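Enquirer: Sharing a structure below in structure tokens format, with a few things to ask.
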Amino acid sequence: MANRMTLSERLQHPVKQWIKAIVWCILYILFIAWVGNFWWLLLLPLIFDAFITKFIPWTWWKNSKNKYVRGIMSWVDAIVFALVAVYFINLFLFQNYQIPSSSLEKTLLVGDFLFVSKASYGPRIPNTPLSLPLVQNTLPIVNTKSFIEHPQWKYRRLAGIDNIKRNDIVVFNFPTGDTVPLKCVNPDYYSTCYHTGRDYAFNIGLNIEKDSNKADIYQSYGRRIVAANPEKFGEIVYRPVDKRDNYVKRCIGLPGDKVQIIENQVYVNGLAQPHFSGIQFNYFVQTDGTDITKDIQKELGISNEDFQYYNQMPPEFAQEKGFDPNIRVYIFPLTNQAKEKLQSYSFVKKIVITKSNDFNKYDDVFPLGNNYGWSRDNYGPINIPKCGQTFELTLKNLPIYERAIAVYENNKLEVKDGKIFINDIETRYYTFKMDYYWMMGDNRHNSADSRYWGFVPEDHIVGRPVFVWLSLDKDKGWFNGKIRWKRLFTNAEH
């Protein structure tokens with residue numbers, strides 16, 4: 001009977017219904033103007049129809065005489081609406097994010113759940129539009145991809161409320177997370193291949209540490225070994241930009257900045273940067289034999305994950321550091337405030353900051369295999385590319401920028417007979433198409449950050465953490481302080 005209604009009859013609705021229809025149509029038009037894809041206006045009649053004309057029987061199931069059909073379809077209707085709403089909210093407005101590691105302690109803690117604003121820096125039009133909401137790249141339990149790789153849309157970002165400022169805490173997609181061996185996600189694929197290849201070269205007696213092409217040689221060996229051992233490294237998968245794992249770090253360097261680290265002090269454009277209250281470094285600590293108890297750990301804010309010790313330090317190493325080799329030596333991170341508190345204990349005899357080569361003769365910082373003499377504690381100077389900025393390329397600085405040029409900006413990059421070719425044209429210069437950022441963790445000696453994998457391109461930026469809405473301490477039980485109540489709804493940047 002409804003299908004035989006005339007158009008004038010279909011337009012007979014209370015004023016309230018017309019107001020709802022007009023409001024939704026206006027909101028939809030404003031959304032399209034923001035997105036900038038006016039083809040979506042073709043869907044406007046569907047919204048009008050859902051409220052007013054109702055040519056399409058959107059709620060046909062409500063008229064069904066079968067109560068089971070009505071019951072099931074009411075649930076389907078609610079679930080579909082919720083999924084669509086969550087998809088668009090998650091895509092354009094905000095996202096939930098959990099802190100998985102201690103790289104930003106004590107600013108953000110392991111177990112913090114963050115409300116991340118995507119509108120702050122402008123939400124991205126998705127590279128991978130066909131994906132399920134609420135999961136980043138893998139469906140839990142079944143462990144399969146949560147997205148369909150095709151189609152892939154080009155990078156485009158909508159207008160945001162603000163721009164990234166120096167020292168902002170930023171959530172971004174992991175730049176070197178494009179290729180992932182599923183059983184070995186940390187370190188990243190390229191570091192895993194490099195380390196594996198280097199170990200193999202060492203085992204066969206191949207000494208190429210001084211070879212300018214050692215990085216390529218190690219990578220070549222490593223890729224073959226990783227691919228040939230799926231039982232150890234797992235299946236190797238590719239992930240588009242927006243489906244790479246989310247990381248959160250502090251933005252130390254902006255596009256166009258020059259960053260350098262000298263004895264753990266960060267300099268940007270020649271100026272020493274302030275130490276935030278949450279910044280911490282690893283220290284060796286020796287007492288008179290008195291144990292550092294869990295109560296002292298709690299006072300200093302040291303998690304079990306970061307608390308280590310030598311029962312007996314190697315004598316030569318102990319002598320170098322000025323420690324008694326017969327007394328336990330602890331290793332853990334401290335903020336300046338925690339360090340001062342620890343020094344006030346009478347039983348503490350010596351506190352010495354750790355160095356990058358204390359545990360490994362190799363300090364494999366970005367770019368892997370470089371011969372610059374850089375380390376975790378003494379790094380750079382390095383220039384951060386800015387959109388429209390032209391860099392002179394040399395064989396010496398090419399390793400720093402080759403991934404940005406070839407991978408992030410999708411160019412063919414080759415070196416032939418000592419000459420650099422981009423897209424088959426010999427050149428000494430390159431003009432960057434995107435802005436890049438330098439990200440570091442506040443837990444400076446326990447952070448895999450730009451010092452190890454390089455620049456973060458602008459198309460990888462996700463958003464800004466606004467506040468902590470939940471915080472769980474993994475070292476405690478539910479009835480023993482599991483929930484950090486004082487952190488709930490606190491500012492995520494302080």
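For the structure tokens, the naming scheme is as follows: chains receive sequential letters (A, B, ...) according to their order of presentation, residues are indexed from 1 within each chain, and ligands are indexed from 1 in presentation order.
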Could you give me, as a PDB file with N, CA and C atoms, in the first residue's frame, the residues within 10 Å of Asn137 of chain A, counting only C-alpha atoms and dropping anything in the same chain fewer than 6 positions from it?
Expert:
```pdb
ATOM      1  N   SER A 131      38.307  -1.503   5.578  1.00  0.00           N
ATOM      2  CA  SER A 131      38.894  -2.080   6.786  1.00  0.00           C
ATOM      3  C   SER A 131      37.864  -2.057   7.903  1.00  0.00           C
ATOM      4  N   ASN A 143      43.666 -13.951  14.143  1.00  0.00           N
ATOM      5  CA  ASN A 143      44.971 -13.461  13.667  1.00  0.00           C
ATOM      6  C   ASN A 143      45.054 -13.355  12.143  1.00  0.00           C
ATOM      7  N   THR A 144      44.056 -12.743  11.543  1.00  0.00           N
ATOM      8  CA  THR A 144      44.070 -12.485  10.109  1.00  0.00           C
ATOM      9  C   THR A 144      43.984 -10.982   9.864  1.00  0.00           C
ATOM     10  N   LYS A 145      44.274 -10.562   8.651  1.00  0.00           N
ATOM     11  CA  LYS A 145      44.226  -9.144   8.306  1.00  0.00           C
ATOM     12  C   LYS A 145      42.829  -8.577   8.534  1.00  0.00           C
ATOM     13  N   SER A 146      42.789  -7.353   9.028  1.00  0.00           N
ATOM     14  CA  SER A 146      41.504  -6.690   9.276  1.00  0.00           C
ATOM     15  C   SER A 146      41.142  -5.738   8.146  1.00  0.00           C
ATOM     16  N   PHE A 147      41.850  -5.829   7.026  1.00  0.00           N
ATOM     17  CA  PHE A 147      41.630  -4.893   5.930  1.00  0.00           C
ATOM     18  C   PHE A 147      41.818  -5.598   4.589  1.00  0.00           C
ATOM     19  N   ARG A 239      52.140  -4.019   4.847  1.00  0.00           N
ATOM     20  CA  ARG A 239      51.058  -3.206   5.385  1.00  0.00           C
ATOM     21  C   ARG A 239      51.093  -1.809   4.774  1.00  0.00           C
ATOM     22  N   PRO A 240      49.943  -1.316   4.294  1.00  0.00           N
ATOM     23  CA  PRO A 240      49.868   0.064   3.801  1.00  0.00           C
ATOM     24  C   PRO A 240      50.132   1.051   4.935  1.00  0.00           C
ATOM     25  N   ASP A 242      48.466   3.474   6.474  1.00  0.00           N
ATOM     26  CA  ASP A 242      47.508   3.667   7.566  1.00  0.00           C
ATOM     27  C   ASP A 242      47.216   2.390   8.339  1.00  0.00           C
ATOM     28  N   LYS A 243      47.788   1.262   7.929  1.00  0.00           N
ATOM     29  CA  LYS A 243      47.591   0.010   8.648  1.00  0.00           C
ATOM     30  C   LYS A 243      48.863  -0.471   9.336  1.00  0.00           C
ATOM     31  N   ARG A 244      49.871   0.375   9.351  1.00  0.00           N
ATOM     32  CA  ARG A 244      51.076   0.045  10.113  1.00  0.00           C
ATOM     33  C   ARG A 244      50.825   0.313  11.597  1.00  0.00           C
ATOM     34  N   ASP A 245      51.583  -0.350  12.443  1.00  0.00           N
ATOM     35  CA  ASP A 245      51.380  -0.202  13.882  1.00  0.00           C
ATOM     36  C   ASP A 245      51.484   1.261  14.294  1.00  0.00           C
TER      37      ASP A 245
END
```
Enquirer: I want to know what sits within 8 Å of segment 51-66 of chain A, based on only C-alpha atoms, with residues of the same chain fewer than 2 positions away left out; could you give that as a list in words?
Expert: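 Those residues are Asn3, Leu7, Arg10, Leu11, His13, Gln17, Trp18, Lys20, Ala21, Ile47, Phe48, Asp49, Tyr68, Val69, Arg70 and Met73 of chain A.
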Enquirer: As a CSV table (one decimal) with N, CA, C and O atoms, in the first residue's frame, please: all residues of segment 199-299 of chain A that backbone DSSP puts in alpha helix (DSSP H).
Expert:
```csv
chain,number,residue,atom,x,y,z
A,199,ASP,N,75.4,-11.2,11.4
A,199,ASP,CA,75.8,-12.4,12.2
A,199,ASP,C,76.3,-13.5,11.2
A,199,ASP,O,77.2,-14.2,11.5
A,200,TYR,N,75.5,-13.6,10.1
A,200,TYR,CA,75.9,-14.7,9.1
A,200,TYR,C,77.3,-14.4,8.5
A,200,TYR,O,78.1,-15.3,8.4
A,201,ALA,N,77.5,-13.1,8.2
A,201,ALA,CA,78.8,-12.7,7.6
A,201,ALA,C,79.9,-13.0,8.6
A,201,ALA,O,81.0,-13.5,8.2
A,202,PHE,N,79.7,-12.7,9.8
A,202,PHE,CA,80.7,-12.9,10.9
A,202,PHE,C,81.0,-14.4,11.0
A,202,PHE,O,82.1,-14.8,11.1
A,203,ASN,N,79.9,-15.2,11.0
A,203,ASN,CA,80.1,-16.7,11.1
A,203,ASN,C,80.9,-17.3,10.0
A,203,ASN,O,81.5,-18.3,10.2
A,214,LYS,N,78.5,-2.1,3.2
A,214,LYS,CA,78.2,-3.2,4.1
A,214,LYS,C,76.7,-3.3,4.5
A,214,LYS,O,76.2,-4.4,4.6
A,215,ALA,N,76.0,-2.2,4.5
A,215,ALA,CA,74.6,-2.3,4.8
A,215,ALA,C,73.8,-3.0,3.8
A,215,ALA,O,73.0,-3.9,4.1
A,216,ASP,N,74.1,-2.8,2.5
A,216,ASP,CA,73.4,-3.5,1.4
A,216,ASP,C,73.8,-5.0,1.5
A,216,ASP,O,72.9,-5.9,1.2
A,217,ILE,N,75.0,-5.3,1.8
A,217,ILE,CA,75.5,-6.7,1.8
A,217,ILE,C,74.8,-7.5,2.9
A,217,ILE,O,74.3,-8.6,2.8
A,218,TYR,N,74.8,-6.8,4.1
A,218,TYR,CA,74.1,-7.5,5.3
A,218,TYR,C,72.6,-7.7,5.0
A,218,TYR,O,72.1,-8.7,5.3
A,219,GLN,N,72.0,-6.6,4.5
A,219,GLN,CA,70.6,-6.7,4.2
A,219,GLN,C,70.3,-7.8,3.2
A,219,GLN,O,69.3,-8.5,3.4
A,220,SER,N,71.1,-8.0,2.2
A,220,SER,CA,70.9,-9.0,1.2
A,220,SER,C,71.0,-10.4,1.8
A,220,SER,O,70.1,-11.2,1.6
A,221,TYR,N,72.0,-10.6,2.6
A,221,TYR,CA,72.1,-11.9,3.3
A,221,TYR,C,70.9,-12.1,4.2
A,221,TYR,O,70.3,-13.2,4.2
A,222,GLY,N,70.6,-11.1,5.0
A,222,GLY,CA,69.5,-11.2,6.0
A,222,GLY,C,68.2,-11.4,5.4
A,222,GLY,O,67.4,-12.2,5.9
A,223,ARG,N,67.8,-10.8,4.3
A,223,ARG,CA,66.5,-11.0,3.7
A,223,ARG,C,66.3,-12.4,3.2
A,223,ARG,O,65.3,-13.0,3.4
A,224,ARG,N,67.4,-13.0,2.7
A,224,ARG,CA,67.3,-14.4,2.2
A,224,ARG,C,67.1,-15.3,3.4
A,224,ARG,O,66.3,-16.3,3.3
A,225,ILE,N,67.8,-15.1,4.5
A,225,ILE,CA,67.7,-15.9,5.7
A,225,ILE,C,66.4,-15.8,6.3
A,225,ILE,O,65.7,-16.8,6.7
A,226,VAL,N,65.9,-14.6,6.5
A,226,VAL,CA,64.5,-14.3,7.1
A,226,VAL,C,63.5,-15.0,6.3
A,226,VAL,O,62.5,-15.7,6.8
A,227,ALA,N,63.5,-14.9,4.9
A,227,ALA,CA,62.5,-15.5,4.0
A,227,ALA,C,62.6,-17.0,4.1
A,227,ALA,O,61.5,-17.7,3.9
A,228,ALA,N,63.7,-17.5,4.3
A,228,ALA,CA,63.9,-19.0,4.3
A,228,ALA,C,63.6,-19.7,5.6
A,228,ALA,O,63.6,-20.9,5.7
A,230,PRO,N,60.6,-19.3,8.0
A,230,PRO,CA,59.3,-18.8,8.5
A,230,PRO,C,59.0,-19.4,9.8
A,230,PRO,O,58.2,-18.8,10.6
A,231,GLU,N,59.6,-20.5,10.2
A,231,GLU,CA,59.3,-21.1,11.5
A,231,GLU,C,59.9,-20.2,12.6
A,231,GLU,O,59.3,-20.2,13.8
A,232,LYS,N,60.9,-19.5,12.3
A,232,LYS,CA,61.5,-18.6,13.3
A,232,LYS,C,61.0,-17.1,13.2
A,232,LYS,O,60.7,-16.5,14.2
A,233,PHE,N,60.9,-16.6,12.0
A,233,PHE,CA,60.5,-15.2,11.8
A,233,PHE,C,59.0,-15.1,11.4
A,233,PHE,O,58.5,-14.0,11.6
A,294,LYS,N,61.4,-3.5,46.7
A,294,LYS,CA,60.2,-3.1,45.9
A,294,LYS,C,59.6,-1.8,46.4
A,294,LYS,O,59.1,-1.0,45.6
A,295,ASP,N,59.7,-1.6,47.7
A,295,ASP,CA,59.2,-0.3,48.2
A,295,ASP,C,60.0,0.9,47.7
A,295,ASP,O,59.5,1.9,47.4
A,296,ILE,N,61.4,0.7,47.6
A,296,ILE,CA,62.2,1.8,47.1
A,296,ILE,C,61.9,1.9,45.6
A,296,ILE,O,61.9,3.0,45.1
A,297,GLN,N,61.7,0.8,44.9
A,297,GLN,CA,61.4,0.8,43.5
A,297,GLN,C,60.1,1.7,43.3
A,297,GLN,O,60.0,2.5,42.4
A,298,LYS,N,59.1,1.4,44.1
A,298,LYS,CA,57.9,2.2,44.1
A,298,LYS,C,58.1,3.6,44.3
A,298,LYS,O,57.5,4.5,43.6
A,299,GLU,N,58.9,4.0,45.3
A,299,GLU,CA,59.2,5.4,45.6
A,299,GLU,C,59.8,6.1,44.4
A,299,GLU,O,59.5,7.3,44.1
```
Enquirer: So what do you get for atom CA of Asn173 of chain A versus atom CA of Glu458 of chain A, distance-wise?
Expert: 10.0 Å
Enquirer: I want to know what sits within 8 Å of segment 252-263 of chain A, based on only C-alpha atoms, with residues of the same chain fewer than 6 positions away left out; could you give that as a PDB file with N, CA, C and O atoms, in the first residue's frame?
Expert:
```
ATOM      1  N   ILE A 164      51.643  20.500  14.046  1.00  0.00           N
ATOM      2  CA  ILE A 164      52.566  19.898  15.012  1.00  0.00           C
ATOM      3  C   ILE A 164      53.579  20.945  15.459  1.00  0.00           C
ATOM      4  O   ILE A 164      54.182  21.629  14.630  1.00  0.00           O
ATOM      5  N   LYS A 165      53.744  21.048  16.756  1.00  0.00           N
ATOM      6  CA  LYS A 165      54.742  21.967  17.319  1.00  0.00           C
ATOM      7  C   LYS A 165      55.861  21.149  17.943  1.00  0.00           C
ATOM      8  O   LYS A 165      55.673  19.992  18.335  1.00  0.00           O
ATOM      9  N   ARG A 166      57.025  21.774  18.034  1.00  0.00           N
ATOM     10  CA  ARG A 166      58.158  21.096  18.652  1.00  0.00           C
ATOM     11  C   ARG A 166      57.807  20.714  20.089  1.00  0.00           C
ATOM     12  O   ARG A 166      57.225  21.497  20.841  1.00  0.00           O
ATOM     13  N   ASN A 167      58.112  19.483  20.448  1.00  0.00           N
ATOM     14  CA  ASN A 167      57.875  18.886  21.760  1.00  0.00           C
ATOM     15  C   ASN A 167      56.444  18.410  21.972  1.00  0.00           C
ATOM     16  O   ASN A 167      56.105  17.948  23.061  1.00  0.00           O
ATOM     17  N   ASP A 168      55.593  18.492  20.942  1.00  0.00           N
ATOM     18  CA  ASP A 168      54.287  17.828  21.014  1.00  0.00           C
ATOM     19  C   ASP A 168      54.491  16.322  21.111  1.00  0.00           C
ATOM     20  O   ASP A 168      55.432  15.765  20.520  1.00  0.00           O
ATOM     21  N   ASN A 269      68.742  23.196  16.003  1.00  0.00           N
ATOM     22  CA  ASN A 269      69.230  24.430  15.384  1.00  0.00           C
ATOM     23  C   ASN A 269      70.263  25.132  16.270  1.00  0.00           C
ATOM     24  O   ASN A 269      70.285  26.358  16.386  1.00  0.00           O
ATOM     25  N   GLY A 270      71.086  24.308  16.927  1.00  0.00           N
ATOM     26  CA  GLY A 270      72.181  24.826  17.753  1.00  0.00           C
ATOM     27  C   GLY A 270      71.793  25.188  19.171  1.00  0.00           C
ATOM     28  O   GLY A 270      72.664  25.538  19.973  1.00  0.00           O
ATOM     29  N   ASP A 377      73.800   8.170  22.114  1.00  0.00           N
ATOM     30  CA  ASP A 377      74.053   9.312  22.997  1.00  0.00           C
ATOM     31  C   ASP A 377      74.703  10.490  22.285  1.00  0.00           C
ATOM     32  O   ASP A 377      74.650  11.617  22.797  1.00  0.00           O
ATOM     33  N   ASN A 378      75.325  10.234  21.164  1.00  0.00           N
ATOM     34  CA  ASN A 378      75.999  11.285  20.386  1.00  0.00           C
ATOM     35  C   ASN A 378      75.622  11.093  18.919  1.00  0.00           C
ATOM     36  O   ASN A 378      76.148  10.192  18.255  1.00  0.00           O
ATOM     37  N   TYR A 379      74.732  11.921  18.448  1.00  0.00           N
ATOM     38  CA  TYR A 379      74.098  11.670  17.155  1.00  0.00           C
ATOM     39  C   TYR A 379      74.031  12.962  16.340  1.00  0.00           C
ATOM     40  O   TYR A 379      73.738  14.035  16.872  1.00  0.00           O
ATOM     41  N   GLY A 380      74.243  12.801  15.045  1.00  0.00           N
ATOM     42  CA  GLY A 380      74.087  13.939  14.148  1.00  0.00           C
ATOM     43  C   GLY A 380      75.325  14.822  14.083  1.00  0.00           C
ATOM     44  O   GLY A 380      76.418  14.428  14.501  1.00  0.00           O
ATOM     45  N   PRO A 381      75.144  16.048  13.533  1.00  0.00           N
ATOM     46  CA  PRO A 381      73.878  16.707  13.188  1.00  0.00           C
ATOM     47  C   PRO A 381      73.211  16.110  11.954  1.00  0.00           C
ATOM     48  O   PRO A 381      73.880  15.614  11.056  1.00  0.00           O
ATOM     49  N   ILE A 382      71.853  16.181  11.964  1.00  0.00           N
ATOM     50  CA  ILE A 382      71.064  15.663  10.857  1.00  0.00           C
ATOM     51  C   ILE A 382      69.998  16.693  10.493  1.00  0.00           C
ATOM     52  O   ILE A 382      69.354  17.274  11.376  1.00  0.00           O
ATOM     53  N   ASN A 383      69.863  16.950   9.192  1.00  0.00           N
ATOM     54  CA  ASN A 383      68.879  17.923   8.716  1.00  0.00           C
ATOM     55  C   ASN A 383      67.571  17.219   8.367  1.00  0.00           C
ATOM     56  O   ASN A 383      67.569  16.225   7.647  1.00  0.00           O
ATOM     57  N   ILE A 384      66.466  17.748   8.868  1.00  0.00           N
ATOM     58  CA  ILE A 384      65.154  17.140   8.656  1.00  0.00           C
ATOM     59  C   ILE A 384      64.517  17.767   7.419  1.00  0.00           C
ATOM     60  O   ILE A 384      64.378  18.994   7.351  1.00  0.00           O
ATOM     61  N   PRO A 385      64.132  16.955   6.432  1.00  0.00           N
ATOM     62  CA  PRO A 385      63.571  17.507   5.194  1.00  0.00           C
ATOM     63  C   PRO A 385      62.245  18.233   5.407  1.00  0.00           C
ATOM     64  O   PRO A 385      61.440  17.850   6.256  1.00  0.00           O
ATOM     65  N   LYS A 386      62.067  19.272   4.606  1.00  0.00           N
ATOM     66  CA  LYS A 386      60.835  20.061   4.614  1.00  0.00           C
ATOM     67  C   LYS A 386      60.259  20.078   3.208  1.00  0.00           C
ATOM     68  O   LYS A 386      60.998  20.111   2.221  1.00  0.00           O
ATOM     69  N   CYS A 387      58.937  20.051   3.106  1.00  0.00           N
ATOM     70  CA  CYS A 387      58.296  20.066   1.801  1.00  0.00           C
ATOM     71  C   CYS A 387      58.759  21.279   0.996  1.00  0.00           C
ATOM     72  O   CYS A 387      58.703  22.411   1.474  1.00  0.00           O
ATOM     73  N   GLN A 389      61.840  21.820   0.104  1.00  0.00           N
ATOM     74  CA  GLN A 389      63.253  22.086   0.371  1.00  0.00           C
ATOM     75  C   GLN A 389      64.121  21.191  -0.523  1.00  0.00           C
ATOM     76  O   GLN A 389      63.870  19.994  -0.655  1.00  0.00           O
ATOM     77  N   ASP A 435      56.648  16.991   4.285  1.00  0.00           N
ATOM     78  CA  ASP A 435      57.328  17.363   5.517  1.00  0.00           C
ATOM     79  C   ASP A 435      57.706  16.103   6.284  1.00  0.00           C
ATOM     80  O   ASP A 435      57.018  15.074   6.204  1.00  0.00           O
ATOM     81  N   TYR A 436      58.795  16.210   7.067  1.00  0.00           N
ATOM     82  CA  TYR A 436      59.253  15.089   7.883  1.00  0.00           C
ATOM     83  C   TYR A 436      59.506  15.565   9.314  1.00  0.00           C
ATOM     84  O   TYR A 436      59.746  16.752   9.554  1.00  0.00           O
ATOM     85  N   TYR A 437      59.457  14.602  10.254  1.00  0.00           N
ATOM     86  CA  TYR A 437      59.574  14.931  11.675  1.00  0.00           C
ATOM     87  C   TYR A 437      60.560  13.980  12.337  1.00  0.00           C
ATOM     88  O   TYR A 437      60.795  12.860  11.864  1.00  0.00           O
ATOM     89  N   TRP A 438      61.127  14.460  13.449  1.00  0.00           N
ATOM     90  CA  TRP A 438      62.085  13.658  14.216  1.00  0.00           C
ATOM     91  C   TRP A 438      61.460  13.365  15.574  1.00  0.00           C
ATOM     92  O   TRP A 438      61.176  14.267  16.343  1.00  0.00           O
ATOM     93  N   MET A 439      61.219  12.082  15.862  1.00  0.00           N
ATOM     94  CA  MET A 439      60.501  11.662  17.065  1.00  0.00           C
ATOM     95  C   MET A 439      61.426  10.921  18.022  1.00  0.00           C
ATOM     96  O   MET A 439      62.213  10.064  17.595  1.00  0.00           O
ATOM     97  N   MET A 440      61.313  11.238  19.317  1.00  0.00           N
ATOM     98  CA  MET A 440      62.101  10.547  20.332  1.00  0.00           C
ATOM     99  C   MET A 440      61.254  10.287  21.570  1.00  0.00           C
ATOM    100  O   MET A 440      60.314  11.025  21.867  1.00  0.00           O
TER     101      MET A 440
END
```
Enquirer: For segment 271-279 of chain A, work out the shell of residues within 6 Å, counting only C-alpha atoms and skipping chain neighbours fewer than 4 positions away, then give it as a list of chain:residue names.
Expert: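 Neighbouring residues, sequence-local ones excluded: A:Lys106, A:Thr107, A:Val266, A:Tyr267, A:Thr335, A:Asp442, A:Asn443.
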Enquirer: Please, could you write that set of residues out with C-alpha atoms as a PDB file, in the first residue's frame?
Expert:
```
ATOM      1  CA  LYS A 106      57.564   8.998  32.907  1.00  0.00           C
ATOM      2  CA  THR A 107      55.398  11.262  30.754  1.00  0.00           C
ATOM      3  CA  VAL A 266      69.495  17.345  22.426  1.00  0.00           C
ATOM      4  CA  TYR A 267      70.261  20.444  20.366  1.00  0.00           C
ATOM      5  CA  THR A 335      64.474  11.051  36.050  1.00  0.00           C
ATOM      6  CA  ASP A 442      61.327  10.540  26.935  1.00  0.00           C
ATOM      7  CA  ASN A 443      62.788   7.292  28.297  1.00  0.00           C
TER       8      ASN A 443
END
```
Enquirer: At a cut-off of 12 Å, using only C-alpha atoms, what residues contact His460 of chain A? Leave out same-chain residues fewer than 5 positions from it and give the result as a PyMOL selection string.
Expert: chain A and resi 121-127+155-157+170-178+240-248+408+434-437+455
